[in-house]
Amino acid sequence: MPTNVADPTYFHKVVDCQWACPAHTPVPEYIRLIAQGRYDDAYMVNWVSNVFPGILGRTCDRPCEPACRRGRVEEKQATKPEPVAICRLKRVAADFKSDGIRAIIPRPLPKNGKRVACVGAGPASLTVARDLVSQGYAVTIFDGDAKAGGFMRTQVPRFRLPEEVIDEECGYILNLGVEFKSGRYIGSMKELLGEGWDAIFVGCGAPRGRDLQIDGREEAKADIHIGIDWLASVFFGHVTAVKKRVIVLGGGNTAMDCCRSARRLGADDVKVIVRSTFEDMKASPWEKEDAMHEGIPIIPCHTPKAFLHDNGKLVGMRFELVESVYDAKGRRTLKPTGQPDVDFECDEVLVAVGQENAFPWIERDSGIAFDEWGMPTVDPVTFQSNLPHVFFGGDAAFGPKNIITAVAHGHEAAVSIDRLLHEEPVTQRPPPHVNLMSQKMGLHEWSYDNAVSNDLRFKVPWTDAEKALKSIKVEVELGFDLPTAFKEAQRCLNCDVQTVFSDKLCIECDACVDICPTDCISFTGDADEPELRLQLSAPALNTEQALYVSAPLKTQRVMVKDEDVCLHCGLCAERCPTGAWDMQKFLLLTTKAGPACRDAKTTSAVRVETLA
């Protein structure tokens, strides 16, 4: 069957980075703008999609980067193939935008008379507020802290994320006319429901860290701290120093923040000890690398067994050695190795073994249904609870994730609220806006730079280690300078500039096959996909990416292109004597709250334009 390239998801999936981003940020689009020196435009492309370019350019979990095609096509050319530094290029847009960026941010529409309350001032609530206040809603955010930002402010250390960046990007949202009621902790959902809000969004995060109840926990409690609470205490200045020997328990990003913070607060000996293998740790690879770069060892396969104390004073921890055993479905079980237990001396322990939700302020007779795990029952598409005008998002909806996922939740919840308050069913989701536009500027010239860079990934410079480790407020990563940012941007393969094929113009001369540098184009007899994948010039073994299959040609052969390794270099289109190949820029913009998300606009919300 010929590939249906009119389906918006087809070319979207070819743009691996955008497909992998929960907020579907048009990554190649803003990277090209950076290469052109258009930093304000690059910032705004990000601001529309992910809301916090400067924050995410420093702290994002980067689901886009493992998906990046660059890492795959470098596999046979580089000792260590690496994706484009997508996250750090996002920071470039934030660092080098002009002072006039505020003037570019669209002004809100006139008030429409509808009132929306957001509980918590984290990334999900701020996204909902940004999307809805822009459309004329009166939005009020409630938070117990003095400043907006949620866990971005209180639990991400300043050496990773300077406070002025949080102030700036939260300020862009609040300055749109959002009412921020700081220092107001919502203690009763029933009371909030009685205030007559047209809709309520709960984005209060997962505020409770998991404890570790093992022998000695109660006796040594003075020197044992829950990781996320401890990080918040560091931020508020309640904790300014630690003891000399610190053990951090846990293998996630919170554990990495804890160990690096402890190092800066005076600990000489900091260890991270985790139950899993090093490879199975939940922390991002770069977070682990950063910790080890600062001299912090990570000790895997040790399960905590007891806190060791001397008359209530913590002196160490005892661990059982375990190994990871996997069943046929890949599920992991930790099994003791039978080796003797291991003791480590320490004076203080930070427990960062996970977070969980806590909703003591939502009365169980408020009408909101909870599941057996104490989580609200929330629709995973609409983010609506069983009370139609109450929505949940971010960590409060489905447990701890990350900032970019919270942003994605916020966008979708805002669409649901907008549709609900226009009396339209929230389960009907509007499609994205899509178009394809030819990049042809001449017979052999494109409007984008299609030369493929051979450069390997460039490293972001760091502050001098001695200086960085002396203060918890000194930012470690300095960001790319502009010459390096340009060279890194050139590594992008422009995966959104699609190779579009016209079977009616093809004369089957095989010129495109001859010139393709990755052998991703073949002309062959049609067959079922598994067989077709094996009979190409280079077998297409990655079934995660599609095959682009044409309708039957004059010889009854079909053109098949493996989307997995295509460089989007345009050589096929340059070589083609009949113009059967064209390079067309694909742009997908997910629908946000506003007229485009409503039924009256649905028929025109999607436009797939193929321009010759």
# chains A, B, ... in the order shown; residues from 1 in each chain; ligands from 1

call {"tool": "select_by_dssp", "arguments": {"residues": "range 320-540 of chain A", "states": "alpha helix (DSSP H)", "output": "ChimeraX atom specification"}}
result
/A:395-398,403-420,465-468,482-489,511-515,529-534

call {"tool": "closest_atom_pairs", "arguments": {"of": "range 84-202 of chain A", "to": "range 414-432 of chain A", "cutoff": "12 Å", "atoms": "only C-alpha atoms", "output": "CSV"}}
result
residue,atom,partner,partner_atom,distance
A:Asn112,CA,A:Leu421,CA,10.6
A:Gly113,CA,A:Leu421,CA,10.6
A:Lys114,CA,A:Leu421,CA,7.9
A:Arg115,CA,A:Leu421,CA,10.0
A:Val116,CA,A:Ile417,CA,8.8
A:Ala117,CA,A:Ile417,CA,11.2
A:Cys118,CA,A:Ala414,CA,11.0
A:Ala124,CA,A:Ala414,CA,9.9
A:Ser125,CA,A:Ala414,CA,9.5
A:Leu126,CA,A:Ala414,CA,10.6
A:Thr127,CA,A:Ala414,CA,8.1
A:Val128,CA,A:Ala414,CA,5.2
A:Ala129,CA,A:Ala414,CA,8.0
A:Arg130,CA,A:Ala414,CA,9.1
A:Asp131,CA,A:Ala414,CA,6.4
A:Leu132,CA,A:Ala414,CA,6.4
A:Val133,CA,A:Ala414,CA,10.1
A:Ser134,CA,A:Ala414,CA,11.0
A:Gln135,CA,A:Asp418,CA,8.9
A:Gly136,CA,A:Asp418,CA,10.5
A:Tyr137,CA,A:Asp418,CA,9.1
A:Val139,CA,A:Ala414,CA,11.3
A:Trp197,CA,A:Leu421,CA,11.2
A:Asp198,CA,A:Leu421,CA,7.5
A:Ala199,CA,A:Ile417,CA,6.8
A:Ile200,CA,A:Ile417,CA,8.8
A:Phe201,CA,A:Ile417,CA,8.8
A:Val202,CA,A:Ala414,CA,11.8

call {"tool": "select_by_dssp", "arguments": {"residues": "range 126-247 of chain A", "states": "strand (DSSP E or B)", "output": "MDAnalysis selection string"}}
result
chainID A and resid 138:142 179:181 199:202 208:209 215 224:226 245:247

call {"tool": "residues_around", "arguments": {"residues": "range 37-54 of chain A", "least_positions_apart": "2", "cutoff": "8 Å", "atoms": "only C-alpha atoms", "output": "PyMOL selection string"}}
result
chain A and resi 23-26+29-31+33-35+56-58+90-98+101+105+127+165+169+404+407-408

call {"tool": "write_last_selection", "arguments": {"atoms": "N, CA and C atoms", "output": "PDB file, in the first residue's frame"}}
result
ATOM      1  N   ALA A  23       5.742  18.170  24.602  1.00  0.00           N
ATOM      2  CA  ALA A  23       5.057  19.392  24.166  1.00  0.00           C
ATOM      3  C   ALA A  23       5.161  19.588  22.657  1.00  0.00           C
ATOM      4  N   HIS A  24       5.812  18.664  21.957  1.00  0.00           N
ATOM      5  CA  HIS A  24       5.959  18.692  20.495  1.00  0.00           C
ATOM      6  C   HIS A  24       6.529  20.020  19.985  1.00  0.00           C
ATOM      7  N   THR A  25       7.616  20.444  20.609  1.00  0.00           N
ATOM      8  CA  THR A  25       8.312  21.653  20.177  1.00  0.00           C
ATOM      9  C   THR A  25       8.908  21.448  18.788  1.00  0.00           C
ATOM     10  N   PRO A  26       8.726  22.396  17.856  1.00  0.00           N
ATOM     11  CA  PRO A  26       9.324  22.268  16.505  1.00  0.00           C
ATOM     12  C   PRO A  26      10.838  22.497  16.566  1.00  0.00           C
ATOM     13  N   GLU A  29      13.060  23.728  13.543  1.00  0.00           N
ATOM     14  CA  GLU A  29      12.680  25.096  13.183  1.00  0.00           C
ATOM     15  C   GLU A  29      13.458  26.106  14.019  1.00  0.00           C
ATOM     16  N   TYR A  30      13.511  25.897  15.339  1.00  0.00           N
ATOM     17  CA  TYR A  30      14.204  26.896  16.161  1.00  0.00           C
ATOM     18  C   TYR A  30      15.718  26.761  16.047  1.00  0.00           C
ATOM     19  N   ILE A  31      16.216  25.567  15.752  1.00  0.00           N
ATOM     20  CA  ILE A  31      17.661  25.410  15.565  1.00  0.00           C
ATOM     21  C   ILE A  31      18.117  26.159  14.312  1.00  0.00           C
ATOM     22  N   LEU A  33      16.705  28.813  13.110  1.00  0.00           N
ATOM     23  CA  LEU A  33      16.635  30.236  13.443  1.00  0.00           C
ATOM     24  C   LEU A  33      17.861  30.667  14.246  1.00  0.00           C
ATOM     25  N   ILE A  34      18.351  29.800  15.122  1.00  0.00           N
ATOM     26  CA  ILE A  34      19.575  30.104  15.865  1.00  0.00           C
ATOM     27  C   ILE A  34      20.754  30.224  14.911  1.00  0.00           C
ATOM     28  N   ALA A  35      20.851  29.299  13.962  1.00  0.00           N
ATOM     29  CA  ALA A  35      21.952  29.348  12.989  1.00  0.00           C
ATOM     30  C   ALA A  35      21.900  30.624  12.158  1.00  0.00           C
ATOM     31  N   LEU A  56      14.068  25.287  30.710  1.00  0.00           N
ATOM     32  CA  LEU A  56      14.233  23.966  30.110  1.00  0.00           C
ATOM     33  C   LEU A  56      15.565  23.837  29.385  1.00  0.00           C
ATOM     34  N   GLY A  57      16.115  24.950  28.913  1.00  0.00           N
ATOM     35  CA  GLY A  57      17.427  24.904  28.278  1.00  0.00           C
ATOM     36  C   GLY A  57      18.534  24.539  29.241  1.00  0.00           C
ATOM     37  N   ARG A  58      18.207  24.512  30.529  1.00  0.00           N
ATOM     38  CA  ARG A  58      19.174  24.117  31.566  1.00  0.00           C
ATOM     39  C   ARG A  58      18.781  22.820  32.268  1.00  0.00           C
ATOM     40  N   LYS A  90      18.486  25.317  22.972  1.00  0.00           N
ATOM     41  CA  LYS A  90      17.319  26.046  23.489  1.00  0.00           C
ATOM     42  C   LYS A  90      17.786  27.159  24.426  1.00  0.00           C
ATOM     43  N   ARG A  91      18.776  26.851  25.254  1.00  0.00           N
ATOM     44  CA  ARG A  91      19.312  27.868  26.160  1.00  0.00           C
ATOM     45  C   ARG A  91      19.944  29.014  25.369  1.00  0.00           C
ATOM     46  N   VAL A  92      20.559  28.719  24.235  1.00  0.00           N
ATOM     47  CA  VAL A  92      21.156  29.779  23.408  1.00  0.00           C
ATOM     48  C   VAL A  92      20.095  30.802  23.019  1.00  0.00           C
ATOM     49  N   ALA A  93      18.919  30.302  22.607  1.00  0.00           N
ATOM     50  CA  ALA A  93      17.834  31.226  22.246  1.00  0.00           C
ATOM     51  C   ALA A  93      17.466  32.109  23.427  1.00  0.00           C
ATOM     52  N   ALA A  94      17.456  31.527  24.631  1.00  0.00           N
ATOM     53  CA  ALA A  94      17.108  32.302  25.827  1.00  0.00           C
ATOM     54  C   ALA A  94      18.216  33.272  26.215  1.00  0.00           C
ATOM     55  N   ASP A  95      19.469  32.817  26.134  1.00  0.00           N
ATOM     56  CA  ASP A  95      20.594  33.649  26.563  1.00  0.00           C
ATOM     57  C   ASP A  95      20.814  34.851  25.656  1.00  0.00           C
ATOM     58  N   PHE A  96      20.527  34.709  24.359  1.00  0.00           N
ATOM     59  CA  PHE A  96      20.890  35.749  23.394  1.00  0.00           C
ATOM     60  C   PHE A  96      19.690  36.476  22.794  1.00  0.00           C
ATOM     61  N   LYS A  97      18.503  36.228  23.329  1.00  0.00           N
ATOM     62  CA  LYS A  97      17.353  37.013  22.860  1.00  0.00           C
ATOM     63  C   LYS A  97      17.552  38.471  23.256  1.00  0.00           C
ATOM     64  N   SER A  98      16.845  39.353  22.601  1.00  0.00           N
ATOM     65  CA  SER A  98      17.015  40.774  22.867  1.00  0.00           C
ATOM     66  C   SER A  98      16.130  41.223  24.022  1.00  0.00           C
ATOM     67  N   ILE A 101      12.054  41.269  23.808  1.00  0.00           N
ATOM     68  CA  ILE A 101      11.230  40.058  23.697  1.00  0.00           C
ATOM     69  C   ILE A 101       9.857  40.245  24.320  1.00  0.00           C
ATOM     70  N   ILE A 105       5.755  39.125  22.852  1.00  0.00           N
ATOM     71  CA  ILE A 105       4.778  38.232  23.484  1.00  0.00           C
ATOM     72  C   ILE A 105       3.370  38.789  23.252  1.00  0.00           C
ATOM     73  N   THR A 127       1.493  26.940  32.856  1.00  0.00           N
ATOM     74  CA  THR A 127       1.145  26.724  31.445  1.00  0.00           C
ATOM     75  C   THR A 127      -0.340  26.924  31.222  1.00  0.00           C
ATOM     76  N   VAL A 165      16.605  33.481  36.171  1.00  0.00           N
ATOM     77  CA  VAL A 165      15.967  32.869  34.998  1.00  0.00           C
ATOM     78  C   VAL A 165      14.537  32.465  35.337  1.00  0.00           C
ATOM     79  N   GLU A 169      11.108  34.099  33.506  1.00  0.00           N
ATOM     80  CA  GLU A 169      10.151  33.352  32.689  1.00  0.00           C
ATOM     81  C   GLU A 169       8.810  33.172  33.391  1.00  0.00           C
ATOM     82  N   ILE A 404       8.913  19.233  31.305  1.00  0.00           N
ATOM     83  CA  ILE A 404       8.337  19.288  29.957  1.00  0.00           C
ATOM     84  C   ILE A 404       7.037  18.486  29.886  1.00  0.00           C
ATOM     85  N   VAL A 407       4.361  20.683  31.347  1.00  0.00           N
ATOM     86  CA  VAL A 407       3.953  21.683  30.360  1.00  0.00           C
ATOM     87  C   VAL A 407       2.955  21.083  29.370  1.00  0.00           C
ATOM     88  N   ALA A 408       3.253  19.881  28.884  1.00  0.00           N
ATOM     89  CA  ALA A 408       2.353  19.220  27.939  1.00  0.00           C
ATOM     90  C   ALA A 408       0.981  18.998  28.568  1.00  0.00           C
TER      91      ALA A 408
END

call {"tool": "residues_around", "arguments": {"residues": "range 524-535 of chain A", "least_positions_apart": "6", "cutoff": "12 Å", "atoms": "only C-alpha atoms", "output": "list in words"}}
result
Met1, Pro2, Thr3, Glu508, Asp510, Val513, Leu541, Asn542, Thr543, Gln545, Ala546, Leu547, Tyr548, Val549, Ser550, Ala551, Pro552, Leu553, Lys554, Thr555, Gln556, Arg557, Val558, Met559, Val560, Lys561, Asp562, Glu563 and Asp564 of chain A

call {"tool": "residues_around", "arguments": {"residues": "range 65-72 of chain A", "least_positions_apart": "6", "cutoff": "7 Å", "atoms": "only C-alpha atoms", "output": "ChimeraX atom specification"}}
result
/A:16-17,20,81-84,86,493

call {"tool": "atom_distance", "arguments": {"atom1": "CA of Ala262 in chain A", "atom2": "CA of Ile298 in chain A"}}
result
14.4 Å

call {"tool": "closest_residue", "arguments": {"among": "A:Lys335, A:Ala593, A:Pro207, A:Arg88", "to": "Pro461 in chain A", "atoms": "only C-alpha atoms"}}
result
A:Arg88

call {"tool": "residues_around", "arguments": {"residues": "Leu589 in chain A", "least_positions_apart": "2", "cutoff": "7 Å", "atoms": "only C-alpha atoms", "output": "compact mmCIF listing (two decimals) with N, CA, C and O atoms, in the first residue's frame"}}
result
# COMPACT_ATOMS: atom_id res chain seq x y z
N PRO A 432 -3.86 19.00 15.07
CA PRO A 432 -2.86 20.08 14.95
C PRO A 432 -2.97 20.80 13.63
O PRO A 432 -3.61 20.33 12.68
N HIS A 433 -2.34 21.95 13.57
CA HIS A 433 -2.19 22.67 12.30
C HIS A 433 -0.92 22.14 11.64
O HIS A 433 0.14 22.06 12.24
N VAL A 434 -1.04 21.76 10.37
CA VAL A 434 0.09 21.16 9.65
C VAL A 434 0.17 21.76 8.27
O VAL A 434 -0.84 22.02 7.62
N LEU A 587 5.70 21.62 8.98
CA LEU A 587 5.53 22.35 10.24
C LEU A 587 4.27 21.88 10.92
O LEU A 587 3.18 21.94 10.34
N THR A 591 -2.54 22.36 18.62
CA THR A 591 -3.58 23.36 18.88
C THR A 591 -3.61 23.71 20.36
O THR A 591 -3.62 22.84 21.23

call {"tool": "atom_distance", "arguments": {"atom1": "CA of Ile521 in chain A", "atom2": "CA of Glu445 in chain A"}}
result
21.2 Å

call {"tool": "atom_distance", "arguments": {"atom1": "CA of Val476 in chain A", "atom2": "CA of Asp269 in chain A"}}
result
20.0 Å

call {"tool": "residues_around", "arguments": {"residues": "Gly251 in chain A", "least_positions_apart": "4", "cutoff": "12 Å", "atoms": "only C-alpha atoms", "output": "PyMOL selection string"}}
result
chain A and resi 227+255-259+271-285+287-288+291+298-303+350-354

call {"tool": "closest_residue", "arguments": {"among": "A:Ala267, A:Leu89, A:Cys64, A:Met317", "to": "Leu249 in chain A", "atoms": "only C-alpha atoms"}}
result
A:Met317

call {"tool": "closest_residue", "arguments": {"among": "A:Gln439, A:Thr254, A:Ser502, A:Ser182", "to": "Ala580 in chain A", "atoms": "only C-alpha atoms"}}
result
A:Ser502
